[in-house]
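File shown: work35.txt. Contents: compact mmCIF, N, CA and C atoms.
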# COMPACT_ATOMS: atom_id res chain seq x y z
N MET A 1 9.15 -177.71 276.20
CA MET A 1 8.20 -176.66 275.90
C MET A 1 8.45 -176.16 274.48
N SER A 2 7.41 -176.05 273.74
CA SER A 2 7.51 -175.57 272.36
C SER A 2 7.60 -174.05 272.37
N TRP A 3 8.37 -173.53 271.47
CA TRP A 3 8.51 -172.07 271.38
C TRP A 3 7.20 -171.41 270.98
N ARG A 4 6.32 -172.17 270.40
CA ARG A 4 5.04 -171.62 269.94
C ARG A 4 4.06 -171.37 271.10
N THR A 5 4.30 -171.95 272.23
CA THR A 5 3.39 -171.74 273.35
C THR A 5 3.91 -170.72 274.35
N ILE A 6 5.06 -170.16 274.09
CA ILE A 6 5.63 -169.16 274.99
C ILE A 6 5.03 -167.80 274.68
N ASP A 7 4.53 -167.13 275.70
CA ASP A 7 3.99 -165.78 275.55
C ASP A 7 5.15 -164.80 275.62
N ILE A 8 5.63 -164.38 274.47
CA ILE A 8 6.80 -163.50 274.46
C ILE A 8 6.47 -162.09 274.94
N ASP A 9 5.20 -161.72 274.92
CA ASP A 9 4.83 -160.39 275.39
C ASP A 9 5.08 -160.21 276.88
N GLN A 10 5.14 -161.30 277.61
CA GLN A 10 5.40 -161.18 279.05
C GLN A 10 6.79 -160.64 279.32
N TYR A 11 7.69 -160.73 278.35
CA TYR A 11 9.05 -160.24 278.52
C TYR A 11 9.25 -158.83 277.95
N ASP A 12 8.22 -158.30 277.33
CA ASP A 12 8.31 -156.98 276.71
C ASP A 12 7.68 -155.94 277.63
N GLU A 13 8.48 -155.00 278.08
CA GLU A 13 7.98 -153.97 278.98
C GLU A 13 6.97 -153.04 278.31
N ASP A 14 7.07 -152.91 276.99
CA ASP A 14 6.20 -152.00 276.25
C ASP A 14 4.91 -152.65 275.77
N ALA A 15 4.69 -153.92 276.04
CA ALA A 15 3.48 -154.60 275.61
C ALA A 15 2.32 -154.15 276.50
N TYR A 16 1.22 -153.83 275.88
CA TYR A 16 0.04 -153.39 276.60
C TYR A 16 -0.95 -154.53 276.74
N THR A 17 -1.63 -154.57 277.87
CA THR A 17 -2.70 -155.54 278.07
C THR A 17 -4.00 -154.91 277.59
N GLU A 18 -5.00 -155.75 277.41
CA GLU A 18 -6.30 -155.24 276.97
C GLU A 18 -6.85 -154.24 277.98
N ASP A 19 -6.67 -154.52 279.27
CA ASP A 19 -7.15 -153.59 280.30
C ASP A 19 -6.46 -152.24 280.21
N GLU A 20 -5.18 -152.23 279.93
CA GLU A 20 -4.45 -150.96 279.80
C GLU A 20 -4.94 -150.16 278.60
N ILE A 21 -5.23 -150.85 277.53
CA ILE A 21 -5.70 -150.17 276.32
C ILE A 21 -7.10 -149.60 276.56
N LEU A 22 -7.99 -150.41 277.12
CA LEU A 22 -9.36 -149.96 277.34
C LEU A 22 -9.47 -148.92 278.45
N ALA A 23 -8.53 -148.92 279.37
CA ALA A 23 -8.55 -147.93 280.45
C ALA A 23 -8.47 -146.52 279.91
N GLU A 24 -7.88 -146.38 278.75
CA GLU A 24 -7.75 -145.08 278.11
C GLU A 24 -9.12 -144.46 277.79
N PHE A 25 -10.12 -145.31 277.61
CA PHE A 25 -11.44 -144.84 277.23
C PHE A 25 -12.39 -144.69 278.41
N GLU A 26 -11.89 -144.89 279.60
CA GLU A 26 -12.72 -144.78 280.79
C GLU A 26 -13.28 -143.37 280.92
N THR A 27 -14.53 -143.29 281.33
CA THR A 27 -15.18 -141.99 281.49
C THR A 27 -15.05 -141.44 282.90
N GLY A 28 -14.57 -142.25 283.82
CA GLY A 28 -14.49 -141.82 285.20
C GLY A 28 -15.75 -142.12 285.99
N LEU A 29 -16.74 -142.68 285.30
CA LEU A 29 -18.00 -143.05 285.96
C LEU A 29 -17.95 -144.52 286.34
N SER A 30 -18.63 -144.86 287.41
CA SER A 30 -18.70 -146.25 287.83
C SER A 30 -19.64 -147.01 286.88
N PRO A 31 -19.53 -148.33 286.81
CA PRO A 31 -20.45 -149.10 285.97
C PRO A 31 -21.92 -148.87 286.34
N GLU A 32 -22.19 -148.63 287.62
CA GLU A 32 -23.57 -148.37 288.05
C GLU A 32 -24.07 -147.03 287.51
N GLN A 33 -23.21 -146.02 287.51
CA GLN A 33 -23.59 -144.72 286.96
C GLN A 33 -23.83 -144.81 285.46
N VAL A 34 -22.98 -145.54 284.78
CA VAL A 34 -23.15 -145.72 283.33
C VAL A 34 -24.44 -146.48 283.06
N ALA A 35 -24.72 -147.51 283.86
CA ALA A 35 -25.96 -148.28 283.68
C ALA A 35 -27.18 -147.40 283.90
N SER A 36 -27.12 -146.54 284.89
CA SER A 36 -28.24 -145.63 285.16
C SER A 36 -28.45 -144.66 284.01
N ALA A 37 -27.35 -144.09 283.50
CA ALA A 37 -27.45 -143.16 282.36
C ALA A 37 -27.97 -143.88 281.12
N THR A 38 -27.54 -145.12 280.93
CA THR A 38 -28.01 -145.90 279.78
C THR A 38 -29.50 -146.19 279.90
N GLN A 39 -29.94 -146.53 281.11
CA GLN A 39 -31.36 -146.80 281.33
C GLN A 39 -32.20 -145.55 281.07
N THR A 40 -31.73 -144.40 281.54
CA THR A 40 -32.43 -143.14 281.31
C THR A 40 -32.52 -142.85 279.81
N ARG A 41 -31.41 -143.04 279.11
CA ARG A 41 -31.38 -142.80 277.67
C ARG A 41 -32.34 -143.74 276.94
N SER A 42 -32.35 -145.00 277.32
CA SER A 42 -33.25 -145.97 276.69
C SER A 42 -34.72 -145.60 276.93
N THR A 43 -35.02 -145.13 278.13
CA THR A 43 -36.38 -144.70 278.44
C THR A 43 -36.76 -143.49 277.59
N ASP A 44 -35.84 -142.53 277.48
CA ASP A 44 -36.09 -141.36 276.64
C ASP A 44 -36.35 -141.77 275.19
N VAL A 45 -35.57 -142.71 274.70
CA VAL A 45 -35.72 -143.18 273.32
C VAL A 45 -37.10 -143.82 273.14
N ARG A 46 -37.49 -144.67 274.06
CA ARG A 46 -38.81 -145.31 273.96
C ARG A 46 -39.94 -144.27 274.00
N ASN A 47 -39.80 -143.25 274.85
CA ASN A 47 -40.82 -142.19 274.91
C ASN A 47 -40.90 -141.45 273.57
N MET A 48 -39.77 -141.16 272.97
CA MET A 48 -39.77 -140.48 271.68
C MET A 48 -40.36 -141.36 270.59
N LEU A 49 -40.09 -142.66 270.66
CA LEU A 49 -40.67 -143.59 269.69
C LEU A 49 -42.18 -143.65 269.84
N THR A 50 -42.67 -143.60 271.07
CA THR A 50 -44.10 -143.61 271.33
C THR A 50 -44.76 -142.39 270.70
N LYS A 51 -44.05 -141.26 270.73
CA LYS A 51 -44.56 -140.03 270.12
C LYS A 51 -44.39 -140.02 268.61
N GLY A 52 -43.64 -140.99 268.08
CA GLY A 52 -43.42 -141.08 266.63
C GLY A 52 -42.28 -140.22 266.14
N ASP A 53 -41.44 -139.74 267.03
CA ASP A 53 -40.32 -138.88 266.65
C ASP A 53 -39.05 -139.71 266.47
N LEU A 54 -38.94 -140.35 265.30
CA LEU A 54 -37.82 -141.26 265.04
C LEU A 54 -36.49 -140.54 265.00
N ASN A 55 -36.46 -139.37 264.38
CA ASN A 55 -35.19 -138.64 264.25
C ASN A 55 -34.60 -138.29 265.61
N SER A 56 -35.41 -137.72 266.48
CA SER A 56 -34.93 -137.36 267.82
C SER A 56 -34.58 -138.60 268.62
N ALA A 57 -35.33 -139.66 268.43
CA ALA A 57 -35.06 -140.90 269.16
C ALA A 57 -33.69 -141.45 268.79
N LEU A 58 -33.36 -141.44 267.50
CA LEU A 58 -32.06 -141.97 267.10
C LEU A 58 -30.92 -141.06 267.55
N ILE A 59 -31.12 -139.76 267.46
CA ILE A 59 -30.09 -138.83 267.92
C ILE A 59 -29.86 -139.02 269.43
N ARG A 60 -30.93 -139.19 270.19
CA ARG A 60 -30.79 -139.42 271.63
C ARG A 60 -30.10 -140.76 271.89
N ALA A 61 -30.43 -141.77 271.12
CA ALA A 61 -29.82 -143.10 271.31
C ALA A 61 -28.32 -143.07 271.03
N LEU A 62 -27.88 -142.16 270.16
CA LEU A 62 -26.47 -142.07 269.80
C LEU A 62 -25.66 -141.23 270.79
N GLU A 63 -26.32 -140.54 271.70
CA GLU A 63 -25.62 -139.69 272.66
C GLU A 63 -24.92 -140.51 273.74
N ASP A 64 -23.74 -140.08 274.12
CA ASP A 64 -22.97 -140.66 275.23
C ASP A 64 -22.94 -142.19 275.23
N PRO A 65 -22.39 -142.80 274.19
CA PRO A 65 -22.32 -144.26 274.21
C PRO A 65 -21.40 -144.75 275.32
N PRO A 66 -21.70 -145.90 275.88
CA PRO A 66 -20.86 -146.43 276.96
C PRO A 66 -19.54 -146.99 276.42
N TYR A 67 -18.43 -146.39 276.82
CA TYR A 67 -17.11 -146.86 276.44
C TYR A 67 -16.39 -147.34 277.68
N GLY A 68 -15.56 -148.32 277.51
CA GLY A 68 -14.74 -148.76 278.61
C GLY A 68 -14.94 -150.22 278.96
N ARG A 69 -14.34 -150.59 280.08
CA ARG A 69 -14.37 -151.98 280.53
C ARG A 69 -15.54 -152.22 281.48
N HIS A 70 -15.94 -153.45 281.57
CA HIS A 70 -16.94 -153.90 282.54
C HIS A 70 -18.29 -153.22 282.33
N LEU A 71 -18.61 -152.91 281.08
CA LEU A 71 -19.88 -152.23 280.79
C LEU A 71 -20.71 -153.02 279.78
N GLU A 72 -20.56 -154.35 279.79
CA GLU A 72 -21.22 -155.17 278.78
C GLU A 72 -22.74 -154.99 278.78
N ALA A 73 -23.35 -154.94 279.96
CA ALA A 73 -24.81 -154.79 280.05
C ALA A 73 -25.25 -153.45 279.48
N SER A 74 -24.53 -152.39 279.78
CA SER A 74 -24.87 -151.06 279.27
C SER A 74 -24.67 -151.01 277.76
N LYS A 75 -23.61 -151.62 277.27
CA LYS A 75 -23.37 -151.66 275.83
C LYS A 75 -24.47 -152.42 275.11
N ALA A 76 -24.89 -153.55 275.70
CA ALA A 76 -25.96 -154.34 275.09
C ALA A 76 -27.27 -153.57 275.08
N GLU A 77 -27.58 -152.88 276.17
CA GLU A 77 -28.83 -152.12 276.23
C GLU A 77 -28.81 -150.95 275.25
N SER A 78 -27.67 -150.30 275.12
CA SER A 78 -27.55 -149.19 274.17
C SER A 78 -27.71 -149.69 272.73
N THR A 79 -27.09 -150.81 272.43
CA THR A 79 -27.20 -151.39 271.08
C THR A 79 -28.64 -151.77 270.80
N LYS A 80 -29.32 -152.30 271.80
CA LYS A 80 -30.72 -152.67 271.64
C LYS A 80 -31.58 -151.44 271.36
N ALA A 81 -31.34 -150.36 272.09
CA ALA A 81 -32.12 -149.13 271.88
C ALA A 81 -31.91 -148.58 270.48
N VAL A 82 -30.65 -148.56 270.03
CA VAL A 82 -30.36 -148.07 268.67
C VAL A 82 -31.03 -148.98 267.65
N SER A 83 -30.95 -150.28 267.86
CA SER A 83 -31.56 -151.24 266.94
C SER A 83 -33.08 -151.03 266.83
N GLU A 84 -33.72 -150.80 267.96
CA GLU A 84 -35.17 -150.58 267.95
C GLU A 84 -35.55 -149.39 267.08
N VAL A 85 -34.74 -148.34 267.16
CA VAL A 85 -35.03 -147.15 266.36
C VAL A 85 -34.75 -147.42 264.89
N LEU A 86 -33.62 -148.02 264.59
CA LEU A 86 -33.24 -148.26 263.20
C LEU A 86 -34.27 -149.09 262.46
N THR A 87 -34.86 -150.06 263.12
CA THR A 87 -35.83 -150.94 262.46
C THR A 87 -37.12 -150.22 262.10
N LEU A 88 -37.39 -149.09 262.73
CA LEU A 88 -38.64 -148.36 262.47
C LEU A 88 -38.53 -147.38 261.30
N PHE A 89 -37.33 -147.07 260.87
CA PHE A 89 -37.16 -146.16 259.74
C PHE A 89 -37.53 -146.86 258.44
N ARG A 90 -38.18 -146.14 257.56
CA ARG A 90 -38.41 -146.66 256.21
C ARG A 90 -37.12 -146.49 255.42
N ALA A 91 -36.85 -147.40 254.53
CA ALA A 91 -35.61 -147.38 253.74
C ALA A 91 -35.46 -146.07 252.97
N ALA A 92 -36.57 -145.51 252.51
CA ALA A 92 -36.52 -144.27 251.73
C ALA A 92 -36.14 -143.07 252.60
N ASP A 93 -36.36 -143.14 253.90
CA ASP A 93 -36.05 -142.03 254.80
C ASP A 93 -34.62 -142.04 255.33
N ILE A 94 -33.94 -143.15 255.17
CA ILE A 94 -32.60 -143.30 255.75
C ILE A 94 -31.60 -142.30 255.18
N PRO A 95 -31.48 -142.16 253.84
CA PRO A 95 -30.45 -141.23 253.32
C PRO A 95 -30.63 -139.80 253.82
N GLN A 96 -31.85 -139.33 253.90
CA GLN A 96 -32.10 -137.96 254.37
C GLN A 96 -31.68 -137.79 255.81
N PHE A 97 -31.97 -138.79 256.63
CA PHE A 97 -31.58 -138.69 258.03
C PHE A 97 -30.07 -138.76 258.18
N VAL A 98 -29.43 -139.64 257.43
CA VAL A 98 -27.97 -139.79 257.53
C VAL A 98 -27.28 -138.48 257.16
N LYS A 99 -27.83 -137.76 256.20
CA LYS A 99 -27.25 -136.46 255.82
C LYS A 99 -27.26 -135.47 256.97
N SER A 100 -28.22 -135.60 257.86
CA SER A 100 -28.34 -134.64 258.97
C SER A 100 -27.40 -134.95 260.13
N LEU A 101 -26.74 -136.11 260.10
CA LEU A 101 -25.86 -136.50 261.21
C LEU A 101 -24.51 -135.82 261.11
N SER A 102 -23.95 -135.48 262.26
CA SER A 102 -22.58 -134.96 262.31
C SER A 102 -21.61 -136.12 262.10
N THR A 103 -20.35 -135.78 261.88
CA THR A 103 -19.33 -136.82 261.69
C THR A 103 -19.23 -137.70 262.92
N GLU A 104 -19.27 -137.10 264.10
CA GLU A 104 -19.19 -137.88 265.33
C GLU A 104 -20.38 -138.83 265.46
N GLN A 105 -21.58 -138.35 265.14
CA GLN A 105 -22.76 -139.19 265.21
C GLN A 105 -22.68 -140.34 264.21
N GLN A 106 -22.12 -140.06 263.04
CA GLN A 106 -21.93 -141.13 262.04
C GLN A 106 -20.98 -142.19 262.57
N ASP A 107 -19.90 -141.75 263.21
CA ASP A 107 -18.94 -142.69 263.77
C ASP A 107 -19.59 -143.58 264.84
N VAL A 108 -20.35 -142.96 265.72
CA VAL A 108 -21.02 -143.72 266.78
C VAL A 108 -22.02 -144.68 266.17
N LEU A 109 -22.77 -144.22 265.18
CA LEU A 109 -23.74 -145.09 264.51
C LEU A 109 -23.04 -146.29 263.88
N MET A 110 -21.92 -146.06 263.22
CA MET A 110 -21.17 -147.17 262.61
C MET A 110 -20.73 -148.17 263.67
N LYS A 111 -20.32 -147.70 264.82
CA LYS A 111 -19.91 -148.62 265.90
C LYS A 111 -21.09 -149.49 266.33
N TYR A 112 -22.26 -148.88 266.45
CA TYR A 112 -23.45 -149.66 266.81
C TYR A 112 -23.82 -150.63 265.69
N LEU A 113 -23.67 -150.20 264.44
CA LEU A 113 -23.99 -151.09 263.32
C LEU A 113 -23.11 -152.33 263.35
N TYR A 114 -21.81 -152.13 263.57
CA TYR A 114 -20.90 -153.27 263.63
C TYR A 114 -21.20 -154.15 264.85
N ALA A 115 -21.54 -153.53 265.97
CA ALA A 115 -21.88 -154.30 267.17
C ALA A 115 -23.13 -155.15 266.90
N GLY A 116 -24.10 -154.57 266.23
CA GLY A 116 -25.33 -155.31 265.92
C GLY A 116 -25.11 -156.40 264.90
N MET A 117 -24.30 -156.12 263.88
CA MET A 117 -24.03 -157.14 262.86
C MET A 117 -23.21 -158.29 263.44
N GLY A 118 -22.50 -158.03 264.51
CA GLY A 118 -21.72 -159.07 265.16
C GLY A 118 -22.58 -160.04 265.96
N LYS A 119 -23.86 -159.72 266.12
CA LYS A 119 -24.79 -160.59 266.86
C LYS A 119 -26.04 -160.84 266.03
N PRO A 120 -25.90 -161.57 264.91
CA PRO A 120 -27.06 -161.78 264.03
C PRO A 120 -28.19 -162.58 264.67
N GLU A 121 -27.88 -163.30 265.74
CA GLU A 121 -28.93 -164.06 266.43
C GLU A 121 -29.84 -163.13 267.23
N GLN A 122 -29.38 -161.92 267.54
CA GLN A 122 -30.18 -160.98 268.33
C GLN A 122 -30.81 -159.88 267.49
N TYR A 123 -30.14 -159.48 266.42
CA TYR A 123 -30.58 -158.32 265.65
C TYR A 123 -30.77 -158.66 264.18
N ASN A 124 -31.59 -157.86 263.51
CA ASN A 124 -31.87 -158.04 262.10
C ASN A 124 -30.71 -157.46 261.29
N SER A 125 -29.85 -158.30 260.79
CA SER A 125 -28.66 -157.85 260.07
C SER A 125 -28.99 -157.07 258.81
N SER A 126 -30.11 -157.39 258.17
CA SER A 126 -30.44 -156.67 256.93
C SER A 126 -30.70 -155.19 257.21
N VAL A 127 -31.28 -154.87 258.35
CA VAL A 127 -31.50 -153.47 258.72
C VAL A 127 -30.15 -152.79 258.93
N PHE A 128 -29.26 -153.46 259.65
CA PHE A 128 -27.94 -152.88 259.91
C PHE A 128 -27.16 -152.71 258.61
N LEU A 129 -27.27 -153.66 257.69
CA LEU A 129 -26.56 -153.55 256.41
C LEU A 129 -27.10 -152.40 255.57
N THR A 130 -28.40 -152.19 255.60
CA THR A 130 -28.99 -151.07 254.86
C THR A 130 -28.46 -149.75 255.40
N TRP A 131 -28.46 -149.60 256.71
CA TRP A 131 -27.94 -148.38 257.33
C TRP A 131 -26.46 -148.22 257.04
N HIS A 132 -25.71 -149.30 257.12
CA HIS A 132 -24.27 -149.25 256.86
C HIS A 132 -24.01 -148.74 255.44
N GLU A 133 -24.77 -149.23 254.49
CA GLU A 133 -24.61 -148.80 253.10
C GLU A 133 -24.85 -147.29 252.96
N LYS A 134 -25.88 -146.79 253.58
CA LYS A 134 -26.22 -145.36 253.46
C LYS A 134 -25.19 -144.47 254.15
N VAL A 135 -24.73 -144.88 255.32
CA VAL A 135 -23.71 -144.10 256.03
C VAL A 135 -22.41 -144.11 255.24
N LYS A 136 -22.06 -145.26 254.71
CA LYS A 136 -20.82 -145.39 253.92
C LYS A 136 -20.89 -144.51 252.67
N GLU A 137 -22.04 -144.49 252.02
CA GLU A 137 -22.20 -143.63 250.84
C GLU A 137 -21.98 -142.16 251.20
N LYS A 138 -22.54 -141.74 252.31
CA LYS A 138 -22.38 -140.34 252.72
C LYS A 138 -20.92 -140.02 253.03
N ILE A 139 -20.25 -140.91 253.72
CA ILE A 139 -18.84 -140.69 254.05
C ILE A 139 -18.00 -140.63 252.78
N GLU A 140 -18.28 -141.51 251.82
CA GLU A 140 -17.54 -141.51 250.56
C GLU A 140 -17.76 -140.21 249.80
N LYS A 141 -18.98 -139.70 249.80
CA LYS A 141 -19.27 -138.42 249.13
C LYS A 141 -18.52 -137.28 249.79
N GLU A 142 -18.48 -137.29 251.12
CA GLU A 142 -17.75 -136.25 251.84
C GLU A 142 -16.26 -136.31 251.53
N ASN A 143 -15.72 -137.52 251.46
CA ASN A 143 -14.31 -137.69 251.15
C ASN A 143 -13.99 -137.21 249.73
N GLU A 144 -14.88 -137.50 248.78
CA GLU A 144 -14.69 -137.03 247.40
C GLU A 144 -14.70 -135.51 247.35
N ARG A 145 -15.64 -134.91 248.07
CA ARG A 145 -15.76 -133.46 248.11
C ARG A 145 -14.48 -132.83 248.67
N GLU A 146 -13.95 -133.43 249.74
CA GLU A 146 -12.72 -132.92 250.34
C GLU A 146 -11.54 -133.04 249.38
N LYS A 147 -11.47 -134.13 248.63
CA LYS A 147 -10.39 -134.31 247.66
C LYS A 147 -10.46 -133.27 246.55
N GLN A 148 -11.67 -132.95 246.11
CA GLN A 148 -11.85 -131.97 245.06
C GLN A 148 -11.46 -130.57 245.54
N GLU A 149 -11.71 -130.29 246.81
CA GLU A 149 -11.38 -128.98 247.35
C GLU A 149 -9.88 -128.82 247.49
N ASN A 150 -9.18 -129.89 247.71
CA ASN A 150 -7.73 -129.83 247.89
C ASN A 150 -7.09 -129.97 246.57

Represent the structure from my file as structure tokens, please.
Amino acid sequence: MSWRTIDIDQYDEDAYTEDEILAEFETGLSPEQVASATQTRSTDVRNMLTKGDLNSALIRALEDPPYGRHLEASKAESTKAVSEVLTLFRAADIPQFVKSLSTEQQDVLMKYLYAGMGKPEQYNSSVFLTWHEKVKEKIEKENEREKQEN
């Protein structure tokens, strides 16, 4: 047996498995409950889009993202809902909207952007890259402002 094929983590009591790490993010809800909440949120987002209220639709899409294990379908549906909203924004409107987001909403949006960019066969990467650029600019400006204050 080659030493390169031995899993040395099996001998380390302090080594964490992926399940142990992700269990930390569990919400206490069953996958069915998360799926139901995700479906409700997606329906709300579509209703807001029908009314033409893009800002509220994106804020609603960013609420309560599904975290944890065994939630792939809910994560995919949430990413799809966010993607649908992002594609409807005009490029000129993005910076103004990004300014209105809280830090937590920016973080959640960035997670969706990376999730979408990771699946270019499903989503329009250019839309995600445009949003990523604008969010990154806002974060950099906030960081500069904080440095100047200190």

request  = Give the answer as one residue: which of A:Leu129, A:Ile94, A:Val108, A:Val85 has the shortest atom-to-atom distance to Thr50 (chain A), using only C-alpha atoms?
outcome  =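 Among A:Leu129, A:Ile94, A:Val108, A:Val85, it is A:Val85 that comes nearest to Thr50 (chain A).
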
message = Just the number, please: distance in Å from CA of Glu137 (chain A) to CA of Tyr114 (chain A), one decimal.
response = 16.1 Å

message = When you look at Gln106 (chain A) with a cut-off of 8 Å (counting only C-alpha atoms), what residues show up, excluding the ones that are within fewer than 5 positions of it in the same chain? I need them as a ChimeraX atom specification.
response = /A:98,101,135

request  = Could you tell me which of A:Gln10, A:Ser83, A:Asn47, A:Asn150 comes closest to Tyr112 (chain A) if we count only N, CA and C atoms?
outcome  =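 Using only N, CA and C atoms, Tyr112 (chain A) sits closest to A:Ser83.
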
request  = May I have all residues of chain A that DSSP, computed from the backbone, assigns to helix (DSSP H, G or I), given as a PyMOL selection string?
outcome  = chain A and resi 3-5+8-11+18-23+31-51+54-62+72-88+91-100+103-117+125-149

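CA of Ala57 (chain A) is positioned 17.9 Å from atom C of Ala35 (chain A).
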
query = Please, what distance in Å, to one decimal, runs between CA of Pro31 (chain A) and CA of Asp44 (chain A)?
reply = 19.8 Å

query = List as a ChimeraX atom specification: which residues have an atom within 10 Å of (-30.6, -153.5, 271.0), counting only C-alpha atoms?
reply = /A:42,75-86,112,115-116,122-123

ask   = From the set A:Ser74, A:Pro66, A:Phe89, A:Glu20, which residue has the shortest atom-to-atom contact distance to Leu54 (chain A), counting only C-alpha atoms?
value = A:Phe89

Glu104 (chain A) surroundings by only C-alpha atoms, 12 Å radius, close-in-sequence under 3 positions cut, as a list in words = Ile59, Leu62, Glu63, Asp64, Pro65, Val98, Ser100, Leu101, Asp107, Val108, Leu109, Met110, Lys111 and Ile139 of chain A

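Compared by their closest atoms to Lys99 (chain A), and using only C-alpha atoms, the residues A:Glu133, A:Glu121, A:Lys138, A:Gly68 rank with A:Lys138 nearest.
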
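Between Asp19 (chain A) and the candidates A:His70, A:Lys134, A:Glu142, A:Gln105, the tightest atom-to-atom separation, counting only C-alpha atoms, involves A:His70.
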
Given 4 Å on each side, where is the centre and what are the edge lengths in Å to one decimal of the axis-aligned box enclosing the listed atoms of region 57-76 of chain A, as lines of an AutoDock Vina configuration file?
center_x = -24.8
center_y = -147.0
center_z = 274.8
size_x = 29.0
size_y = 24.3
size_z = 23.4
